[in-house]
file work_2.cif (mmCIF, C-alpha atoms)
data_data
#
loop_
_atom_site.group_PDB
_atom_site.id
_atom_site.type_symbol
_atom_site.label_atom_id
_atom_site.label_comp_id
_atom_site.auth_asym_id
_atom_site.auth_seq_id
_atom_site.Cartn_x
_atom_site.Cartn_y
_atom_site.Cartn_z
ATOM 1 C CA MET A 1 15.955 -18.491 -17.252
ATOM 2 C CA LEU A 2 18.849 -19.641 -19.355
ATOM 3 C CA ARG A 3 22.023 -17.582 -19.654
ATOM 4 C CA LEU A 4 24.807 -18.400 -22.077
ATOM 5 C CA PHE A 5 28.420 -17.462 -21.540
ATOM 6 C CA THR A 6 30.349 -18.288 -24.697
ATOM 7 C CA SER A 7 33.359 -16.573 -26.103
ATOM 8 C CA SER A 8 32.672 -17.357 -29.758
ATOM 9 C CA SER A 9 29.577 -16.782 -31.851
ATOM 10 C CA SER A 10 26.229 -17.617 -30.292
ATOM 11 C CA SER A 11 25.000 -19.854 -33.087
ATOM 12 C CA PHE A 12 23.359 -23.159 -32.266
ATOM 13 C CA SER A 13 26.130 -25.176 -33.946
ATOM 14 C CA SER A 14 28.697 -23.828 -31.491
ATOM 15 C CA LEU A 15 26.762 -25.461 -28.616
ATOM 16 C CA ARG A 16 27.093 -28.993 -30.014
ATOM 17 C CA SER A 17 30.320 -29.802 -28.205
ATOM 18 C CA PRO A 18 30.109 -30.875 -24.521
ATOM 19 C CA LEU A 19 32.578 -28.157 -23.512
ATOM 20 C CA ARG A 20 30.190 -25.483 -24.733
ATOM 21 C CA TRP A 21 27.333 -26.952 -22.685
ATOM 22 C CA ALA A 22 29.501 -26.685 -19.579
ATOM 23 C CA SER A 23 29.261 -22.912 -19.882
ATOM 24 C CA VAL A 24 25.454 -22.874 -19.674
ATOM 25 C CA VAL A 25 24.299 -21.503 -16.357
ATOM 26 C CA PHE A 26 20.735 -21.752 -15.013
ATOM 27 C CA SER A 27 19.559 -18.757 -13.069
ATOM 28 C CA SER A 28 17.403 -19.342 -10.002
ATOM 29 C CA SER A 29 15.540 -16.039 -10.225
ATOM 30 C CA PRO A 30 12.470 -15.920 -12.477
ATOM 31 C CA PRO A 31 12.154 -13.159 -15.067
ATOM 32 C CA THR A 32 10.262 -10.068 -13.994
ATOM 33 C CA SER A 33 7.578 -8.278 -15.961
ATOM 34 C CA PHE A 34 6.058 -4.804 -15.654
ATOM 35 C CA ALA A 35 3.114 -6.178 -13.672
ATOM 36 C CA SER A 36 5.211 -7.952 -11.053
ATOM 37 C CA PHE A 37 8.105 -5.506 -10.690
ATOM 38 C CA SER A 38 7.997 -3.111 -7.784
ATOM 39 C CA SER A 39 10.650 -0.707 -6.623
ATOM 40 C CA SER A 40 9.517 -0.496 -3.024
ATOM 41 C CA SER A 41 12.868 0.974 -1.988
ATOM 42 C CA THR A 42 11.919 4.438 -3.251
ATOM 43 C CA ALA A 43 9.414 6.718 -1.522
ATOM 44 C CA TRP A 44 6.081 7.580 -3.110
ATOM 45 C CA HIS A 45 5.245 11.269 -3.356
ATOM 46 C CA LEU A 46 2.018 10.804 -5.343
ATOM 47 C CA VAL A 47 -1.340 10.298 -3.649
ATOM 48 C CA ARG A 48 -4.942 10.063 -4.799
ATOM 49 C CA GLY A 49 -6.323 13.510 -5.651
ATOM 50 C CA ASP A 50 -3.006 15.080 -6.743
ATOM 51 C CA ARG A 51 -2.882 17.173 -9.922
ATOM 52 C CA VAL A 52 -0.196 15.757 -12.214
ATOM 53 C CA HIS A 53 1.398 16.553 -15.572
ATOM 54 C CA ILE A 54 2.032 13.698 -18.056
ATOM 55 C CA VAL A 55 5.739 13.763 -18.940
ATOM 56 C CA ALA A 56 5.914 10.951 -21.516
ATOM 57 C CA GLY A 57 3.600 8.824 -23.607
ATOM 58 C CA ARG A 58 0.654 9.365 -25.890
ATOM 59 C CA ASP A 59 -0.921 11.994 -23.604
ATOM 60 C CA ARG A 60 2.317 13.941 -23.021
ATOM 61 C CA GLY A 61 1.713 17.536 -21.949
ATOM 62 C CA LYS A 62 -1.782 16.958 -20.556
ATOM 63 C CA GLU A 63 -2.798 17.421 -16.929
ATOM 64 C CA GLY A 64 -5.198 15.467 -14.777
ATOM 65 C CA VAL A 65 -6.103 14.255 -11.294
ATOM 66 C CA ILE A 66 -4.945 10.913 -9.896
ATOM 67 C CA VAL A 67 -7.923 8.610 -9.380
ATOM 68 C CA LYS A 68 -6.085 5.538 -8.106
ATOM 69 C CA VAL A 69 -2.545 4.693 -7.005
ATOM 70 C CA LEU A 70 -1.271 1.177 -7.812
ATOM 71 C CA ARG A 71 1.810 0.868 -5.604
ATOM 72 C CA ASP A 72 2.389 -2.806 -6.416
ATOM 73 C CA ARG A 73 2.710 -1.917 -10.120
ATOM 74 C CA ASP A 74 4.452 1.461 -9.634
ATOM 75 C CA ALA A 75 1.644 3.091 -11.586
ATOM 76 C CA VAL A 76 -1.177 5.608 -11.246
ATOM 77 C CA ILE A 77 -4.515 5.998 -13.006
ATOM 78 C CA VAL A 78 -5.184 9.586 -14.098
ATOM 79 C CA GLU A 79 -8.740 10.772 -14.687
ATOM 80 C CA GLY A 80 -9.567 11.063 -18.403
ATOM 81 C CA LEU A 81 -6.060 10.193 -19.657
ATOM 82 C CA ASN A 82 -4.455 7.103 -21.226
ATOM 83 C CA LEU A 83 -7.833 5.924 -22.511
ATOM 84 C CA VAL A 84 -8.147 2.650 -24.406
ATOM 85 C CA LYS A 85 -11.069 0.836 -26.002
ATOM 86 C CA LYS A 86 -11.861 -2.515 -24.360
ATOM 87 C CA HIS A 87 -14.042 -5.136 -26.030
ATOM 88 C CA ILE A 88 -16.247 -6.776 -23.408
ATOM 89 C CA LYS A 89 -17.818 -10.161 -24.030
ATOM 90 C CA SER A 90 -21.529 -10.294 -23.279
ATOM 91 C CA THR A 91 -22.629 -12.265 -20.220
ATOM 92 C CA ARG A 92 -25.901 -12.681 -18.365
ATOM 93 C CA GLU A 93 -25.238 -9.569 -16.283
ATOM 94 C CA ASN A 94 -23.429 -7.472 -18.903
ATOM 95 C CA ARG A 95 -24.622 -6.743 -22.429
ATOM 96 C CA GLY A 96 -21.070 -6.475 -23.733
ATOM 97 C CA GLY A 97 -19.699 -4.167 -26.390
ATOM 98 C CA VAL A 98 -16.864 -1.664 -26.555
ATOM 99 C CA ILE A 99 -16.084 0.512 -23.533
ATOM 100 C CA THR A 100 -13.523 3.255 -22.990
ATOM 101 C CA LYS A 101 -11.317 2.668 -19.958
ATOM 102 C CA GLU A 102 -8.494 4.530 -18.193
ATOM 103 C CA MET A 103 -5.307 2.464 -18.023
ATOM 104 C CA PRO A 104 -2.363 2.830 -15.602
ATOM 105 C CA ILE A 105 0.578 5.136 -16.316
ATOM 106 C CA HIS A 106 3.978 4.374 -14.808
ATOM 107 C CA ARG A 107 4.819 6.804 -12.022
ATOM 108 C CA SER A 108 8.026 7.901 -13.746
ATOM 109 C CA ASN A 109 5.900 9.310 -16.585
ATOM 110 C CA VAL A 110 3.953 11.750 -14.388
ATOM 111 C CA ALA A 111 5.142 14.821 -12.482
ATOM 112 C CA LEU A 112 3.345 16.535 -9.616
ATOM 113 C CA LEU A 113 2.161 20.090 -10.355
ATOM 114 C CA ASP A 114 3.461 22.830 -8.068
ATOM 115 C CA PRO A 115 0.469 24.695 -6.556
ATOM 116 C CA THR A 116 2.187 28.112 -6.681
ATOM 117 C CA THR A 117 3.705 28.058 -10.174
ATOM 118 C CA GLY A 118 1.450 25.487 -11.850
ATOM 119 C CA ALA A 119 4.505 23.863 -13.422
ATOM 120 C CA PRO A 120 5.659 20.241 -13.052
ATOM 121 C CA THR A 121 8.079 19.841 -10.166
ATOM 122 C CA ARG A 122 10.138 17.273 -8.332
ATOM 123 C CA VAL A 123 9.140 16.612 -4.740
ATOM 124 C CA ARG A 124 11.148 16.455 -1.525
ATOM 125 C CA MET A 125 9.892 15.419 1.898
ATOM 126 C CA MET A 126 10.647 17.778 4.810
ATOM 127 C CA PHE A 127 9.541 18.294 8.397
ATOM 128 C CA LYS A 128 7.829 21.431 9.717
ATOM 129 C CA GLU A 129 8.837 23.027 13.024
ATOM 130 C CA ASN A 130 6.006 21.165 14.792
ATOM 131 C CA GLY A 131 7.223 17.808 13.448
ATOM 132 C CA ASP A 132 4.676 17.281 10.635
ATOM 133 C CA LYS A 133 6.057 15.618 7.511
ATOM 134 C CA VAL A 134 5.145 17.571 4.349
ATOM 135 C CA ARG A 135 5.875 17.468 0.617
ATOM 136 C CA VAL A 136 7.858 20.395 -0.768
ATOM 137 C CA GLY A 137 8.312 21.409 -4.417
ATOM 138 C CA VAL A 138 12.037 21.421 -5.218
ATOM 139 C CA GLU A 139 12.020 24.364 -7.652
ATOM 140 C CA SER A 140 9.779 26.773 -5.702
ATOM 141 C CA GLY A 141 10.190 25.503 -2.148
ATOM 142 C CA ALA A 142 6.405 25.689 -1.626
ATOM 143 C CA ILE A 143 4.646 23.182 0.603
ATOM 144 C CA ILE A 144 2.358 20.847 -1.342
ATOM 145 C CA GLU A 145 -0.569 19.982 0.914
ATOM 146 C CA ARG A 146 -2.332 16.636 0.847
ATOM 147 C CA PRO A 147 -5.551 16.782 -1.227
ATOM 148 C CA ALA A 148 -8.841 17.342 0.593
ATOM 149 C CA LEU A 149 -10.069 14.156 -1.068
ATOM 150 C CA LEU A 150 -7.877 12.148 1.306
ATOM 151 C CA ARG A 151 -9.526 13.645 4.385
ATOM 152 C CA GLU A 152 -12.796 11.883 3.616
ATOM 153 C CA ARG A 153 -12.947 8.145 4.186
ATOM 154 C CA ARG A 154 -12.967 5.998 1.078
ATOM 155 C CA TYR A 155 -14.887 3.239 2.841
ATOM 156 C CA PRO A 156 -17.160 4.847 5.441
ATOM 157 C CA THR A 157 -17.449 3.270 8.869
ATOM 158 C CA SER A 158 -20.764 1.930 10.069
ATOM 159 C CA PRO A 159 -22.799 4.480 12.025
ATOM 160 C CA ARG A 160 -23.075 4.059 15.775
ATOM 161 C CA GLY A 161 -26.425 2.563 16.641
ATOM 162 C CA GLU A 162 -28.338 -0.054 18.583
ATOM 163 C CA ARG A 163 -25.896 -2.844 17.729
ATOM 164 C CA ASP A 164 -23.072 -1.165 19.639
ATOM 165 C CA THR A 165 -22.307 -2.399 23.133
ATOM 166 C CA PRO A 166 -22.915 0.309 25.748
ATOM 167 C CA LEU A 167 -19.773 1.540 27.504
ATOM 168 C CA ASP A 168 -20.871 0.481 31.007
ATOM 169 C CA VAL A 169 -21.496 -3.108 29.810
ATOM 170 C CA ALA A 170 -18.184 -3.272 27.972
ATOM 171 C CA MET A 171 -16.216 -2.017 30.982
ATOM 172 C CA ARG A 172 -17.874 -4.389 33.480
ATOM 173 C CA VAL A 173 -15.458 -6.908 35.023
ATOM 174 C CA THR A 174 -16.767 -10.413 34.339
ATOM 175 C CA ALA A 175 -13.927 -12.507 35.690
ATOM 176 C CA THR A 176 -11.748 -12.268 38.728
ATOM 177 C CA PRO A 177 -8.135 -13.379 38.486
ATOM 178 C CA SER A 178 -7.192 -16.259 40.736
ATOM 179 C CA SER A 179 -4.134 -15.663 42.863
#
call {"tool": "encode", "arguments": {"input": "work_2.cif", "output": "structure tokens"}}
result
Amino acid sequence: MLRLFTSSSSSFSSLRSPLRWASVVFSSSPPTSFASFSSSSTAWHLVRGDRVHIVAGRDRGKEGVIVKVLRDRDAVIVEGLNLVKKHIKSTRENRGGVITKEMPIHRSNVALLDPTTGAPTRVRMMFKENGDKVRVGVESGAIIERPALLRERRYPTSPRGERDTPLDVAMRVTATPSS
């Protein structure tokens, strides 16, 4: 990236003298874009399955459920909102055509809905008496539970079966340490 520090006008003709070129500084950091920028220093209070209210954008005022959380892009995908038409090229597997797709919304443009009041709220993290960390709505003080959707596994584990090693075989000592 090129940064210019000149005291006079920034026209190209003012850079013709060698003294003006001495004030050109090259930055070592590359420019950031929306896709590569991540503010990992702030905590995430949004999880898959939360009901959210759209604060800004084309779908402002609508409510929906978070389908996917994209933490590396600081964005969420909300079910049925921020829809765009995508033109898909036909391939051997896909016939192609125009499809409707949900696109990400930046997390600053959505607000979590308070379960007691049904209104958008800010979220604070607190600890219960037993030590569990919970989300709390700032305005009402109500605890916002994690969605039941998160209790089920997204990628199920393989069922226990004949390929598992029996416990007595796994616990058998097969080597003796030399002393």
call {"tool": "atom_distance", "arguments": {"input": "work_2.cif", "atom1": "CA of Asn82 (chain A)", "atom2": "CA of Lys68 (chain A)"}}
result
13.3 Å
call {"tool": "closest_residue", "arguments": {"input": "work_2.cif", "among": "A:Val173, A:Ala56, A:Ile143, A:Leu167", "to": "Arg124 (chain A)", "atoms": "only C-alpha atoms"}}
result
A:Ile143
call {"tool": "resolve_selection", "arguments": {"input": "work_2.cif", "expression": "the PyMOL selection byres ((chain A and resi 148-159) around 10)", "output": "JSON, numbers by chain"}}
result
{"A": [47, 48, 49, 50, 145, 146, 147, 160, 161, 162, 163, 164]}
call {"tool": "closest_residue", "arguments": {"input": "work_2.cif", "among": "A:Gly131, A:Pro104, A:Pro115, A:Gly57", "to": "Gly80 (chain A)", "atoms": "only C-alpha atoms"}}
result
A:Pro104
call {"tool": "atom_distance", "arguments": {"input": "work_2.cif", "atom1": "CA of Arg71 (chain A)", "atom2": "CA of Trp44 (chain A)"}}
result
8.3 Å
call {"tool": "residues_around", "arguments": {"input": "work_2.cif", "residues": "region 106-114 of chain A", "least_positions_apart": "4", "cutoff": "9 Å", "atoms": "all atoms listed in the file", "output": "VMD selection string"}}
result
chain A and resid 45 to 46 50 to 57 60 63 73 to 77 118 to 123 136 to 137 139 to 140 142 to 144
call {"tool": "write_last_selection", "arguments": {"input": "work_2.cif", "atoms": "C-alpha atoms", "output": "JSON list (two decimals), keeping the file's coordinate frame"}}
result
[["chain", "number", "residue", "atom", "x", "y", "z"],
["A", 45, "HIS", "CA", 5.24, 11.27, -3.36],
["A", 46, "LEU", "CA", 2.02, 10.80, -5.34],
["A", 50, "ASP", "CA", -3.01, 15.08, -6.74],
["A", 51, "ARG", "CA", -2.88, 17.17, -9.92],
["A", 52, "VAL", "CA", -0.20, 15.76, -12.21],
["A", 53, "HIS", "CA", 1.40, 16.55, -15.57],
["A", 54, "ILE", "CA", 2.03, 13.70, -18.06],
["A", 55, "VAL", "CA", 5.74, 13.76, -18.94],
["A", 56, "ALA", "CA", 5.91, 10.95, -21.52],
["A", 57, "GLY", "CA", 3.60, 8.82, -23.61],
["A", 60, "ARG", "CA", 2.32, 13.94, -23.02],
["A", 63, "GLU", "CA", -2.80, 17.42, -16.93],
["A", 73, "ARG", "CA", 2.71, -1.92, -10.12],
["A", 74, "ASP", "CA", 4.45, 1.46, -9.63],
["A", 75, "ALA", "CA", 1.64, 3.09, -11.59],
["A", 76, "VAL", "CA", -1.18, 5.61, -11.25],
["A", 77, "ILE", "CA", -4.51, 6.00, -13.01],
["A", 118, "GLY", "CA", 1.45, 25.49, -11.85],
["A", 119, "ALA", "CA", 4.50, 23.86, -13.42],
["A", 120, "PRO", "CA", 5.66, 20.24, -13.05],
["A", 121, "THR", "CA", 8.08, 19.84, -10.17],
["A", 122, "ARG", "CA", 10.14, 17.27, -8.33],
["A", 123, "VAL", "CA", 9.14, 16.61, -4.74],
["A", 136, "VAL", "CA", 7.86, 20.40, -0.77],
["A", 137, "GLY", "CA", 8.31, 21.41, -4.42],
["A", 139, "GLU", "CA", 12.02, 24.36, -7.65],
["A", 140, "SER", "CA", 9.78, 26.77, -5.70],
["A", 142, "ALA", "CA", 6.40, 25.69, -1.63],
["A", 143, "ILE", "CA", 4.65, 23.18, 0.60],
["A", 144, "ILE", "CA", 2.36, 20.85, -1.34]]
call {"tool": "decode", "arguments": {"input": "work_2.cif", "residues": "region 141-157 of chain A", "atoms": "N, CA and C atoms", "output": "PDB file, in the first residue's frame"}}
result
ATOM      1  N   GLY A 141     -32.697  -8.321  32.040  1.00  0.00           N
ATOM      2  CA  GLY A 141     -31.983  -9.110  33.030  1.00  0.00           C
ATOM      3  C   GLY A 141     -32.316 -10.585  32.972  1.00  0.00           C
ATOM      4  N   ALA A 142     -33.069 -11.021  31.951  1.00  0.00           N
ATOM      5  CA  ALA A 142     -33.471 -12.420  31.823  1.00  0.00           C
ATOM      6  C   ALA A 142     -32.337 -13.253  31.232  1.00  0.00           C
ATOM      7  N   ILE A 143     -32.249 -14.489  31.679  1.00  0.00           N
ATOM      8  CA  ILE A 143     -31.234 -15.403  31.154  1.00  0.00           C
ATOM      9  C   ILE A 143     -31.687 -15.902  29.793  1.00  0.00           C
ATOM     10  N   ILE A 144     -30.795 -15.826  28.818  1.00  0.00           N
ATOM     11  CA  ILE A 144     -31.069 -16.310  27.464  1.00  0.00           C
ATOM     12  C   ILE A 144     -30.378 -17.660  27.322  1.00  0.00           C
ATOM     13  N   GLU A 145     -31.179 -18.712  27.303  1.00  0.00           N
ATOM     14  CA  GLU A 145     -30.636 -20.073  27.234  1.00  0.00           C
ATOM     15  C   GLU A 145     -30.086 -20.354  25.842  1.00  0.00           C
ATOM     16  N   ARG A 146     -29.175 -21.326  25.786  1.00  0.00           N
ATOM     17  CA  ARG A 146     -28.661 -21.779  24.497  1.00  0.00           C
ATOM     18  C   ARG A 146     -29.767 -22.544  23.781  1.00  0.00           C
ATOM     19  N   PRO A 147     -29.881 -22.413  22.460  1.00  0.00           N
ATOM     20  CA  PRO A 147     -30.952 -23.101  21.723  1.00  0.00           C
ATOM     21  C   PRO A 147     -30.835 -24.620  21.832  1.00  0.00           C
ATOM     22  N   ALA A 148     -31.981 -25.287  21.781  1.00  0.00           N
ATOM     23  CA  ALA A 148     -32.008 -26.751  21.846  1.00  0.00           C
ATOM     24  C   ALA A 148     -31.321 -27.355  20.631  1.00  0.00           C
ATOM     25  N   LEU A 149     -31.253 -26.606  19.554  1.00  0.00           N
ATOM     26  CA  LEU A 149     -30.599 -27.067  18.334  1.00  0.00           C
ATOM     27  C   LEU A 149     -29.132 -27.392  18.571  1.00  0.00           C
ATOM     28  N   LEU A 150     -28.504 -26.696  19.521  1.00  0.00           N
ATOM     29  CA  LEU A 150     -27.089 -26.932  19.798  1.00  0.00           C
ATOM     30  C   LEU A 150     -26.853 -28.197  20.619  1.00  0.00           C
ATOM     31  N   ARG A 151     -27.894 -28.718  21.256  1.00  0.00           N
ATOM     32  CA  ARG A 151     -27.719 -29.926  22.052  1.00  0.00           C
ATOM     33  C   ARG A 151     -27.559 -31.168  21.184  1.00  0.00           C
ATOM     34  N   GLU A 152     -28.119 -31.128  19.977  1.00  0.00           N
ATOM     35  CA  GLU A 152     -27.940 -32.256  19.068  1.00  0.00           C
ATOM     36  C   GLU A 152     -26.648 -32.068  18.283  1.00  0.00           C
ATOM     37  N   ARG A 153     -25.996 -33.163  17.969  1.00  0.00           N
ATOM     38  CA  ARG A 153     -24.723 -33.095  17.260  1.00  0.00           C
ATOM     39  C   ARG A 153     -24.964 -32.748  15.800  1.00  0.00           C
ATOM     40  N   ARG A 154     -24.136 -31.857  15.280  1.00  0.00           N
ATOM     41  CA  ARG A 154     -24.260 -31.482  13.875  1.00  0.00           C
ATOM     42  C   ARG A 154     -23.741 -32.601  12.978  1.00  0.00           C
ATOM     43  N   TYR A 155     -22.642 -33.216  13.388  1.00  0.00           N
ATOM     44  CA  TYR A 155     -22.075 -34.342  12.668  1.00  0.00           C
ATOM     45  C   TYR A 155     -22.120 -35.546  13.613  1.00  0.00           C
ATOM     46  N   PRO A 156     -23.087 -36.448  13.424  1.00  0.00           N
ATOM     47  CA  PRO A 156     -23.248 -37.537  14.380  1.00  0.00           C
ATOM     48  C   PRO A 156     -22.039 -38.465  14.403  1.00  0.00           C
ATOM     49  N   THR A 157     -21.773 -39.026  15.578  1.00  0.00           N
ATOM     50  CA  THR A 157     -20.673 -39.965  15.721  1.00  0.00           C
ATOM     51  C   THR A 157     -21.098 -41.317  15.170  1.00  0.00           C
TER      52      THR A 157
END
